[in-house]
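One structure is given below, encoded as structure tokens.
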Amino acid sequence: MNILGISCFYHDAAAALLRDGNLVAAAHEERFTRKRHDPDMPAQATEYCLREAGIDIDDLDYVVFYDKPFIKFERILTTYFATFPRSLPSFTKAIPIWLKEKLWVPSEVRKKLGYTGEVLFTEHHQSHAASAFYPSPFEEAAVLTCDGVGEWATTTQGIGRGSDLELIQEVRFPHSLGLLYSAFTYYLGFKVNSAEYKVMGAAPYGEPKYVKQIFDELVDLREDGSFKLNMRYFAYDYGLTMTNRRFENLFEHPRRKGESEMEQFHWDMAASVQVVTEEIVLAMVRDLHRRTGLNNLCMAGGVALNCVANGRIVREGPFENLWVQPAAGDAGGALGAALFTEHAVLGEPRKFQMKHAYWGPAHSDEAIRTELDARGAPYRSLPRDEMIAEVARRLADDQAVVGWFQGRMEWGPRSLGARSILADARNEENWKRVNLKIKFRESFRPFAPAALAEKAGEWFDIDRESPYMLLVCQVNEGKHIPAVTHVDGSARLQTVDRDSQPEFYDLLRAFDERTGCPVLINTSFNVRGEPIVCTPQDAYLCFMRTHMDVLVLGNQVLLKEEQPELVEDFDWRERYELD
Amino acid sequence: MGMEPVPVHRRLLNGWMAIVARFGFVQTLVILSIFYALLIGPVALVGVLARRDPLDKRTLRGSGTAWSKADSASADLDRAKQMT
Ligand SMILES: [Fe+2]
Ligand SMILES: [Fe+2]
């Protein structure tokens with residue numbers, strides 16, 4: 001049985017392929033089209049998944065779309081009825097797209113993927129819940145999904161048992177924790193559905209001064225973790241913006257203009273909405289624990305990408321275990337749609353457990369060499385262990401910034417050592433260097449650290465693995481890794497074990513042996529506004545356009561100083577929008 | 001793929017899109033606005049008169065729960081085939 005799950009039309013399109021219940025491949029469309037957050041039908045991601053499985057589109061038993069378009073459309077029409085006549089601008093903008101493609105999913109699938117069989121549909125939060133529970137290590141678990149909005153639901157609580165997955169209750173649009181966070185993201189001048197992580201990263205610089213005001217005026221949090229928003233302050237239900245004039249008056253500041261200076265007020269607002277989010281998530285988690293009495297919790301939806309909140313759930317929540325799937329956002333809905341169909345709809349028993357995030361395309365050393373030879377790029381092909389020793393030496397002794405490309409590409413928004421830029425975390429300068437010389441930005445956020453799993457406990461206050469960089473914890477006293485330590489002493493940790501990423505693990509070990517530090521800066525392999533690199537060619541171009549010192553493609557090591565100048569007849573900077 | 005007949009709604013839609021393309025941006029806006037007024041307006045008016053609150057925006061400070069029951073109908077193939 002071959003089931004392809006797809007998510008698209010809003011943000012972060014993706015495809016995931018199950019064969020007899022096992023995940024074969026999963027990838028974000030943006031990595032192939034090189035358009036960040038590409039929302040279009042994931043034709044190239046699908047093509048890749050089929051190639052990985054060695055099958056044809058006609059070999060698929062089902063294609064499953066990750067939400068129910070008609071229910072969503074009904075919600076949108078209901079919203080227009082309820083907000084007449086203010087919703088006119090939104091109506092004229094949204095309706096043509098609905099009429100053009102969003103309502104005709106089966107024929108879009110036929111047209112863009114060339115698939116002629118049956119198309120199935122799962123509900124948005126069923127997809128999220130399935131993506132969180134089925135691949136988890138738990139036979140039985142409570143499930144919390146929380147995002148902007150799907151059809152009507154914005155938050156759901158559920159229970160998964162074996163192949164059964166049931167959603168118990170939900171909070172409905174427009175009352176949405178994801179949209180509350182996005183509203184503050186918007187108000188603080190960042191890009192909605194994209195730069196929420198910056199608000200989280202800004203929070204440690206501020207005082208959560210406005211928490212009370214937010215709970216008094218904007219959010220009514222109930223004892224059982226449910227909540228309502230005071231929609232007088234928000235515009236996302238009727239307009240083209242997230243917040244309205246009343247919101248600005250309440251906080252006595254206009255919306256911050258993008259790219260302008262962050263003032264104390266902005267840091268404080270970021271800190272406040274972060275605390276409010278954590279409080280609401282914790283209240284929902286406590287309620288879910290009371291209701292289910294279970295020890296295991298699975299989470300998905302965009303809010304589950306808030307790794308500061310996740311860190312608090314682990315430390316303070318009543319659940320013993322937490323599992324968050326690496327693609328917790330809408331891209332993960334592709335995986336969830338396929339899994340929900342396999343287990344909940346068709347009743348097949350569970351057998352797949354996700355133990356790593358590397359479900360994208362790989363490129364052999366041979367293919368890499370062919371590509372480099374064709375470009376005339378000088379490189380050295382080293383035996384694996386020598387390559388690792390060489391890279392560790394460059395990182396430690398030369399303080400090199402290294403582009404690191406190994407094995408299959410990551411599934412989910414984070415770079416996890418397959419398509420990463422690495423540098424020495426002990427060197428505070430590297431915070432600035434990597435940002436200015438490679439990402440071409442100034443950043444108030446430190447980088448994320450990757451650490452050897454078995455030594456993570458020595459360096460960080462953490463008692464479990466965090467393979468997908470979805471937990472924030474404190475850096476231990478006396479450990480000096482300033483390039484990855486936030487002002488409040490926290491870090492967004494990825495733990496690396498040998499089974500899931502042998503090359504990256506061995507590199508961290510070699511670096512540890514050399515320096516006594518099992519930690520490296522691990523940031524995404526891209527420039528600002530660009531999707532993470534996918535192919536050796538993407539990686540080479542990114543390497544050449546920036547001031548990266550070393551590029552490692554499989555066992556091939558390239559030095560910047562040996563490369564011929566890159567001649568391009570366009571300015572690549574204009575290709576990518578600011579993020 | 002080319003063999004398949006184009007469904008009726010698709011043909012109507014393609015026709016509509018062709019008209020829209022002909023008339024250009026401003027006209028599209030005008031047509032959509034008329035649609036908004038004629039289709040959404042009356043239903044909205046009925047909603048206002050009946051004091052409906054489909055988005056549950058009026059009662060903010062409630063004491064009870066804001067959870068609603070999730071639809072727990074069984075997940076079967078027939079249901080999965082529906083877009084609703
Ligand atoms: Fe979602
Ligand atoms: Fe979404």
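In the structure tokens, each chain is lettered A, B, ... as it comes, each chain's residues begin at 1, and ligands are numbered from 1 in order of appearance.
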**Study point:** Surrounding residues as number ranges by chain, ligand 1, max 7 Å, only C-alpha atoms and all ligand atoms
**Key:** A: 124-125, 128, 147-150, 301-302, 329-330
Practice item. Hey, list the chain B side of the contact with chain A: 6 Å cut-off, only C-alpha atoms, answer as a ChimeraX atom specification. Key: /B:32,40,44,66-70,75-77,80-81,83-84
Review point. Interatomic distance between CA of Tyr181 in chain A and CA of Met242 in chain A?
Key: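 Here the two named atoms are 10.1 Å from each other.
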Exercise for review: For Thr515 in chain A, work out the shell of residues within 12 Å, counting only C-alpha atoms and skipping chain neighbours fewer than 4 positions away, then give it as a PyMOL selection string.
Suggested key: chain A and resi 392-397+399+424-426+508-511+519-520
Exercise for review: Would you mind listing what lies within 8 Å of Lys437 in chain A as a count of residues only, with only C-alpha atoms counted and same-chain residues fewer than 2 positions away left out?
Suggested key: 8
Exercise for review: Figure out the distance between CA of Val199 in chain A and CA of Pro39 in chain A, please, to one decimal in Å.
Suggested key: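 Value for the CA of Pro39 in chain A-CA of Val199 in chain A distance: 22.8 Å.
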Review point. So, counting only C-alpha atoms and all ligand atoms, which residue among A:Asp12, A:Glu513, A:Glu348, A:Glu252 is closest to ligand 2?
Key: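 Ranking A:Asp12, A:Glu513, A:Glu348, A:Glu252 by distance to ligand 2, first place goes to A:Asp12.
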**Study point:** Closest of A:Val527, A:Ala337, A:Ala328, A:Leu382 to ligand 2 - atom-to-atom distances counting only C-alpha atoms and all ligand atoms
**Key:**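 Checking each candidate against ligand 2, we get A:Ala328 as the closest.
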Check your understanding: At what distance in Å, to one decimal, does CA of Ala357 in chain A lie from CA of Arg514 in chain A?
Key ->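 These two atoms are separated by 28.0 Å.
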Review point. Please, which residues of range 14-84 of chain B, numbered as in this document, come out helix (DSSP H, G or I) from DSSP, as number ranges by chain?
Key: B: 14-49, 77-81
